[in-house]
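Enquirer: Can you read through this structure? Questions will come right after.
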Amino acid sequence: MIHFDNVSKIYPDGTVAAANISFAIEPGEFVSIVGQSGAGKTTIARMIIAEECPTEGRIVIGGWDISHIKRSEVPVLRRQIGVVFQDFKLLKNKTVHENVSFALEVCGTKRSKIQKIVPQVLKIVGLNEKGDKFPNQLSGGEQQRVVIARSLVHRPKIVVADEPTGNLDNITAHEIVELLLKINKLGTTVVLVTHNPEIVNRVRQRVITIDNGTVSLNRKSGKYTL
Amino acid sequence: MFVGFIRTIRFSVQNFWRNLWLSVITVFVMTLTLISMTLVVSLNVIGNEVIHAVQDKVDIDFYFYPSVQESNILKTQEYVKSISGVSSVVYVSKAEALKKFKKEHKDEPAIIASVEEVGNILPASIVVRAETIDQYPKIISEFQNSEFQKFVDQTDYFDNQIIISKITQIIRRSYEIGIGVSVIFIIISVIVIFNTIRITIYSHREEVGIMKLVGATNWFIRSPFILESILLGVIATVITMTLFYGLLIVSDSTVTSFFEGYNFSILQYFTEHLLEFALIEIIGAVILSIISSMIAITRYLKQ
């Protein structure tokens with residue numbers, strides 16, 4: 001599903017964010033990418049959604065080589081990958097329902113289809129009763145659930161979650177991880193980028209450890225080790 | 001496609017209302033720019049009309065010696081008529097000159113009384129009008145080399161020449177100043193409009209980021225902002241035209257009285273050219289706002 005072949009990312013100022021990284025993620029896997037701050041985890045997540053292009057190497061997503069993806073093709077890729085960020089990225093002046101609908105509206109989805117999909121994804125994340133609430137009326141965990149719901153509206157084959165629990169307390173963080181596991185069980189490949197050892201150890205799924213821009217460990221069922 | 005278009009319109013109207021103050025400021029600045037441009041054009045139109053009016057008023061009087069016989073005056077008239085560039089030559093006899101003088105001084109009984117006491121001392125004259133203002137020197141020089149020169153006591157050409165060149169100079173100078181002021185004003189306005197639109201887009205940067213994240217195409221992200229800019233441009237033009245038309249209605253009587261005796265009304269002129277003015281202004285305003293918004297939005301799309 002996701003293939004990194006000798007991928008390097010060097011920024012114009014000379015910073016090496018990734019150096020010869022290679023790994024493969026199979027369809028339906030739940031993979032945690034871990035490492036210390038500045039190790040290069042987020043760069044990997046950004047390269048998966050084509051927010052960054054590799055300086056060297058090849059990235060293939062679902063058989064599509066996106067290493068030198070054209071700007072006009074990026075929206076097509078993004079509709080196939082759900083993205084969850086630490087800082088939520090919700091529109092404060094829109095309700096939960098509107099925030100989730102927005103992702104479909106801007107892609108030209110018909111109204112009737114939006115009305116069908118949005119309640120379904122809100123139900124998956126357990127917010128079907130809070131569709132008319134605004135983000136500031138929700139807890140941090142609930143806001144992150146809205147983001148997850150939004151990431152699911154295009155029925156993506158991959159969900160990339162970059163530090164989704166970074167702003168949450170332990171109990172809420174576990175709830176979010178449970179939700180991601182639930183989504184994974186429905187058949188979606190989940191890439192979880194985190195530096196939280198507790199979460200990784202609880203999940204007990206595959207772990208790729210990044211250290212100084214390189215893969216230091218790649219275990220099928222692992223624990224958080226540096 | 002249709003769904004996308006309808007949503008683009010909805011988002012652009014939403015942007016306009018949710019940033020009402022920014023929209024109002026942008027419209028205000030655009031209106032100021034358009035008004036200044038329209039004023040320069042009006043100044044140009046009025047200036048040209050003034051030059052024409054002055055040209056129409058200019059003529060040269062050839063005053064004859066009192067001893068010159070009328071037959072010689074008529075011969076002189078015929079000769080002047082034959083000079084190329086002369087448009088008309090009107091003979092004003094001594095009697096007609098007196099009649100005209102009395103009419104001009106009808107409210108000054110002392111002058112009228114003195115004229116009646118000393119008798120008609122006014123000279124006969126011919127009034128020469130050229131086809132264009134620049135032909136007078138040639139006509140004068142040709143006449144001075146003719147045999148009819150000896151009948152003529154004096155002409156008022158040299159007095160008129162100074163006035164004509166001064167008026168032309170003043171009009172040209174005021175037009176140049178108008179253009180200069182407008183160019184400065186337009187440059188300032190372009191910068192202000194550009195920055196106002198940039199601020200509008202900056203206030204939407206989060207929305208733009210989310211749109212990109214969820215797979216909206218760059219054109220879908222751009223189009224509400226461009227449409228909003230067009231809306232701002234059209235509103236500014238409508239306000240400008242309304243204000244300017246109101247100004248014309250108020251000032252028409254003043255401008256018309258300035259051109260008394262000439263068939264010119266600024267209100268009529270602009271009414272006849274209203275469509276052209278509106279089109280030029282709308283196109284100008286829309287192009288300016290589209291360019292500004294394209295530059296501003298592209299910055300966020302690249303991030």
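Letters A, B, ... go to the chains of the structure tokens in the order shown; residues in each chain start at 1; ligands are counted from 1 in the same order.
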Would you please extract all alpha helix (DSSP H) residues from range 95-138 of chain A, as assigned by DSSP on the backbone, and give them as a list of chain:residue names?

Expert: A:Val96, A:His97, A:Glu98, A:Asn99, A:Val100, A:Ser101, A:Phe102, A:Ala103, A:Leu104, A:Glu105, A:Arg111, A:Ser112, A:Lys113, A:Ile114, A:Gln115, A:Lys116, A:Ile117, A:Val118, A:Pro119, A:Gln120, A:Val121, A:Leu122, A:Lys123, A:Ile124

Enquirer: For the selection just defined, write its residues with N, CA and C atoms to a file, as an mmCIF file, in the first residue's frame.

Expert:
```
data_model
loop_
_atom_site.group_PDB
_atom_site.id
_atom_site.type_symbol
_atom_site.label_atom_id
_atom_site.label_comp_id
_atom_site.auth_asym_id
_atom_site.auth_seq_id
_atom_site.Cartn_x
_atom_site.Cartn_y
_atom_site.Cartn_z
ATOM 1 N N VAL A 96 -20.125 20.938 13.823
ATOM 2 C CA VAL A 96 -19.492 19.634 13.586
ATOM 3 C C VAL A 96 -19.931 19.098 12.216
ATOM 4 N N HIS A 97 -21.241 19.135 11.983
ATOM 5 C CA HIS A 97 -21.789 18.630 10.716
ATOM 6 C C HIS A 97 -21.205 19.403 9.533
ATOM 7 N N GLU A 98 -21.153 20.738 9.690
ATOM 8 C CA GLU A 98 -20.641 21.582 8.585
ATOM 9 C C GLU A 98 -19.155 21.349 8.342
ATOM 10 N N ASN A 99 -18.388 21.171 9.436
ATOM 11 C CA ASN A 99 -16.957 20.906 9.285
ATOM 12 C C ASN A 99 -16.712 19.625 8.501
ATOM 13 N N VAL A 100 -17.513 18.617 8.800
ATOM 14 C CA VAL A 100 -17.338 17.330 8.114
ATOM 15 C C VAL A 100 -17.843 17.442 6.662
ATOM 16 N N SER A 101 -18.984 18.117 6.507
ATOM 17 C CA SER A 101 -19.555 18.297 5.153
ATOM 18 C C SER A 101 -18.597 19.071 4.247
ATOM 19 N N PHE A 102 -17.911 20.055 4.869
ATOM 20 C CA PHE A 102 -17.022 20.954 4.134
ATOM 21 C C PHE A 102 -16.029 20.177 3.260
ATOM 22 N N ALA A 103 -15.495 19.083 3.832
ATOM 23 C CA ALA A 103 -14.510 18.270 3.100
ATOM 24 C C ALA A 103 -15.125 17.683 1.828
ATOM 25 N N LEU A 104 -16.419 17.422 1.862
ATOM 26 C CA LEU A 104 -17.090 16.872 0.676
ATOM 27 C C LEU A 104 -17.517 17.999 -0.274
ATOM 28 N N GLU A 105 -17.990 19.097 0.336
ATOM 29 C CA GLU A 105 -18.463 20.236 -0.477
ATOM 30 C C GLU A 105 -17.365 20.762 -1.394
ATOM 31 N N ARG A 111 -25.133 17.216 -2.850
ATOM 32 C CA ARG A 111 -25.742 17.452 -1.550
ATOM 33 C C ARG A 111 -26.380 16.182 -0.973
ATOM 34 N N SER A 112 -27.078 15.447 -1.836
ATOM 35 C CA SER A 112 -27.778 14.246 -1.363
ATOM 36 C C SER A 112 -26.772 13.225 -0.801
ATOM 37 N N LYS A 113 -25.612 13.148 -1.469
ATOM 38 C CA LYS A 113 -24.587 12.198 -1.022
ATOM 39 C C LYS A 113 -23.984 12.659 0.312
ATOM 40 N N ILE A 114 -23.805 13.983 0.428
ATOM 41 C CA ILE A 114 -23.248 14.550 1.671
ATOM 42 C C ILE A 114 -24.171 14.222 2.849
ATOM 43 N N GLN A 115 -25.481 14.405 2.600
ATOM 44 C CA GLN A 115 -26.474 14.160 3.658
ATOM 45 C C GLN A 115 -26.449 12.702 4.102
ATOM 46 N N LYS A 116 -26.018 11.824 3.221
ATOM 47 C CA LYS A 116 -25.984 10.389 3.537
ATOM 48 C C LYS A 116 -24.690 10.022 4.274
ATOM 49 N N ILE A 117 -23.565 10.554 3.754
ATOM 50 C CA ILE A 117 -22.251 10.147 4.291
ATOM 51 C C ILE A 117 -21.984 10.724 5.682
ATOM 52 N N VAL A 118 -22.276 12.030 5.862
ATOM 53 C CA VAL A 118 -21.875 12.716 7.109
ATOM 54 C C VAL A 118 -22.451 12.027 8.369
ATOM 55 N N PRO A 119 -23.752 11.721 8.425
ATOM 56 C CA PRO A 119 -24.249 11.028 9.635
ATOM 57 C C PRO A 119 -23.568 9.676 9.860
ATOM 58 N N GLN A 120 -23.213 9.010 8.768
ATOM 59 C CA GLN A 120 -22.557 7.695 8.900
ATOM 60 C C GLN A 120 -21.196 7.829 9.604
ATOM 61 N N VAL A 121 -20.375 8.791 9.114
ATOM 62 C CA VAL A 121 -19.042 8.927 9.721
ATOM 63 C C VAL A 121 -19.127 9.487 11.146
ATOM 64 N N LEU A 122 -20.132 10.340 11.383
ATOM 65 C CA LEU A 122 -20.290 10.878 12.743
ATOM 66 C C LEU A 122 -20.670 9.753 13.703
ATOM 67 N N LYS A 123 -21.402 8.786 13.189
ATOM 68 C CA LYS A 123 -21.795 7.636 14.009
ATOM 69 C C LYS A 123 -20.561 6.776 14.326
ATOM 70 N N ILE A 124 -19.705 6.601 13.323
ATOM 71 C CA ILE A 124 -18.486 5.796 13.541
ATOM 72 C C ILE A 124 -17.645 6.391 14.675
#
```

Enquirer: Enumerate as a VMD selection string the residues belonging to chain B that approach chain A to within 12 Å, with only C-alpha atoms taken into account.

Expert: chain B and resid 1 to 8 10 to 11 14 18 203 to 224 301 to 303

Enquirer: With C-alpha atoms retained, could you export that selection as an mmCIF file, in the first residue's frame?

Expert:
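This is the output file result34.cif:
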```cif
data_model
loop_
_atom_site.group_PDB
_atom_site.id
_atom_site.type_symbol
_atom_site.label_atom_id
_atom_site.label_comp_id
_atom_site.auth_asym_id
_atom_site.auth_seq_id
_atom_site.Cartn_x
_atom_site.Cartn_y
_atom_site.Cartn_z
ATOM 1 C CA MET B 1 -19.433 21.269 -12.475
ATOM 2 C CA PHE B 2 -22.717 23.050 -11.761
ATOM 3 C CA VAL B 3 -22.594 22.037 -8.081
ATOM 4 C CA GLY B 4 -19.042 23.435 -7.893
ATOM 5 C CA PHE B 5 -20.106 26.720 -9.512
ATOM 6 C CA ILE B 6 -23.044 27.208 -7.152
ATOM 7 C CA ARG B 7 -20.782 26.461 -4.151
ATOM 8 C CA THR B 8 -18.180 28.920 -5.430
ATOM 9 C CA ARG B 10 -22.084 30.697 -2.065
ATOM 10 C CA PHE B 11 -18.565 30.748 -0.569
ATOM 11 C CA GLN B 14 -20.193 34.214 2.543
ATOM 12 C CA ARG B 18 -18.282 37.471 7.092
ATOM 13 C CA SER B 203 -8.063 35.794 7.386
ATOM 14 C CA HIS B 204 -9.100 32.692 5.430
ATOM 15 C CA ARG B 205 -5.713 30.951 5.502
ATOM 16 C CA GLU B 206 -6.982 28.249 7.883
ATOM 17 C CA GLU B 207 -9.881 27.493 5.557
ATOM 18 C CA VAL B 208 -7.527 27.429 2.580
ATOM 19 C CA GLY B 209 -5.240 24.992 4.449
ATOM 20 C CA ILE B 210 -8.158 22.682 5.271
ATOM 21 C CA MET B 211 -9.449 22.820 1.695
ATOM 22 C CA LYS B 212 -6.016 21.733 0.461
ATOM 23 C CA LEU B 213 -5.840 19.007 3.050
ATOM 24 C CA VAL B 214 -9.158 17.430 2.118
ATOM 25 C CA GLY B 215 -8.429 17.443 -1.609
ATOM 26 C CA ALA B 216 -10.001 20.611 -3.037
ATOM 27 C CA THR B 217 -8.440 21.621 -6.344
ATOM 28 C CA ASN B 218 -6.475 24.868 -6.474
ATOM 29 C CA TRP B 219 -9.045 26.347 -8.820
ATOM 30 C CA PHE B 220 -11.885 25.544 -6.445
ATOM 31 C CA ILE B 221 -9.940 27.257 -3.636
ATOM 32 C CA ARG B 222 -9.109 30.276 -5.804
ATOM 33 C CA SER B 223 -12.468 30.848 -7.432
ATOM 34 C CA PRO B 224 -14.474 32.137 -4.404
ATOM 35 C CA LEU B 301 -1.583 27.606 -2.301
ATOM 36 C CA LYS B 302 2.165 27.071 -2.614
ATOM 37 C CA GLN B 303 2.568 26.444 1.121
#
```

Enquirer: Among range 3-145 of chain B, which residues carry a DSSP assignment of strand (DSSP E), reported as a count of residues only?

Expert: 18

Enquirer: May I have the residues within 12 Å of Pro197 in chain A as a PyMOL selection string, using only C-alpha atoms and disregarding those fewer than 3 positions away in the same chain?

Expert: chain A and resi 32-36+163+165-166+170+173-174+193-194+200-204+207+209+222-226

Enquirer: Mind checking which residues fall within 12 Å of range 142-151 of chain B, counting only C-alpha atoms, ignoring those fewer than 3 positions away in the same chain, and posting them as number ranges by chain?

Expert: B: 62-86, 123-126, 128, 135-139, 154-155

Enquirer: Near Thr214 in chain A, within 9 Å and counting only C-alpha atoms, which residues show up once chain neighbours fewer than 2 positions away are dropped, as a list in words?

Expert: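 After dropping sequence-adjacent residues, the list is Ala17, Ala18, Ala19, Asn20, Ile21, Ser22, Ala39, Gly40, Thr209, Ile210, Asp211, Asn212 and Ser216 of chain A.
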
Enquirer: Grab the CA of Ala285 in chain B to CA of Gly233 in chain B distance for me, in Å with one decimal place.

Expert: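 According to the coordinates, CA of Ala285 in chain B and CA of Gly233 in chain B are separated by 4.9 Å.
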
Enquirer: How far is it from CA of Val183 in chain B to CA of Ser36 in chain B, in Å with one decimal?

Expert: 9.3 Å

Enquirer: Could you list, as a list in words, every residue within 9 Å of Phe225 in chain B, counting only C-alpha atoms and ignoring same-chain residues fewer than 6 positions away?

Expert: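 In the requested form, the answer reads Thr8, Phe11, Ser12, Asn15, Ile197, Thr200, Ile201, Ile290, Ser293, Met294 and Ile297 of chain B.
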
Enquirer: Go ahead and write the residues just picked, N, CA and C atoms, as a PDB file, in the first residue's frame.

Expert:
```pdb
ATOM      1  N   THR B   8     -19.141  27.815  -5.311  1.00  0.00           N
ATOM      2  CA  THR B   8     -18.180  28.920  -5.430  1.00  0.00           C
ATOM      3  C   THR B   8     -18.892  30.242  -5.152  1.00  0.00           C
ATOM      4  N   PHE B  11     -19.747  30.452  -1.391  1.00  0.00           N
ATOM      5  CA  PHE B  11     -18.565  30.748  -0.569  1.00  0.00           C
ATOM      6  C   PHE B  11     -18.126  32.202  -0.731  1.00  0.00           C
ATOM      7  N   SER B  12     -18.194  32.730  -1.969  1.00  0.00           N
ATOM      8  CA  SER B  12     -17.730  34.100  -2.185  1.00  0.00           C
ATOM      9  C   SER B  12     -18.658  35.105  -1.502  1.00  0.00           C
ATOM     10  N   ASN B  15     -17.889  34.884   2.179  1.00  0.00           N
ATOM     11  CA  ASN B  15     -16.649  35.616   2.476  1.00  0.00           C
ATOM     12  C   ASN B  15     -16.928  37.103   2.580  1.00  0.00           C
ATOM     13  N   ILE B 197      -6.956  42.959  -0.139  1.00  0.00           N
ATOM     14  CA  ILE B 197      -7.357  41.621  -0.589  1.00  0.00           C
ATOM     15  C   ILE B 197      -6.459  40.562   0.060  1.00  0.00           C
ATOM     16  N   THR B 200      -7.772  39.935   3.458  1.00  0.00           N
ATOM     17  CA  THR B 200      -8.984  39.103   3.372  1.00  0.00           C
ATOM     18  C   THR B 200      -8.583  37.639   3.244  1.00  0.00           C
ATOM     19  N   ILE B 201      -7.645  37.378   2.359  1.00  0.00           N
ATOM     20  CA  ILE B 201      -7.242  35.992   2.126  1.00  0.00           C
ATOM     21  C   ILE B 201      -6.478  35.448   3.343  1.00  0.00           C
ATOM     22  N   ILE B 290      -8.715  41.051  -9.638  1.00  0.00           N
ATOM     23  CA  ILE B 290      -8.372  39.656  -9.964  1.00  0.00           C
ATOM     24  C   ILE B 290      -6.863  39.447  -9.826  1.00  0.00           C
ATOM     25  N   SER B 293      -5.901  39.399  -6.127  1.00  0.00           N
ATOM     26  CA  SER B 293      -6.295  38.194  -5.394  1.00  0.00           C
ATOM     27  C   SER B 293      -5.526  36.964  -5.888  1.00  0.00           C
ATOM     28  N   MET B 294      -5.225  36.939  -7.191  1.00  0.00           N
ATOM     29  CA  MET B 294      -4.466  35.795  -7.732  1.00  0.00           C
ATOM     30  C   MET B 294      -3.077  35.734  -7.089  1.00  0.00           C
ATOM     31  N   ILE B 297      -3.496  34.802  -3.225  1.00  0.00           N
ATOM     32  CA  ILE B 297      -3.920  33.419  -2.936  1.00  0.00           C
ATOM     33  C   ILE B 297      -2.845  32.409  -3.327  1.00  0.00           C
TER      34      ILE B 297
END
```

Enquirer: Quick one, how far is CA of Val177 in chain A from CA of Gly141 in chain A?

Expert: 10.7 Å
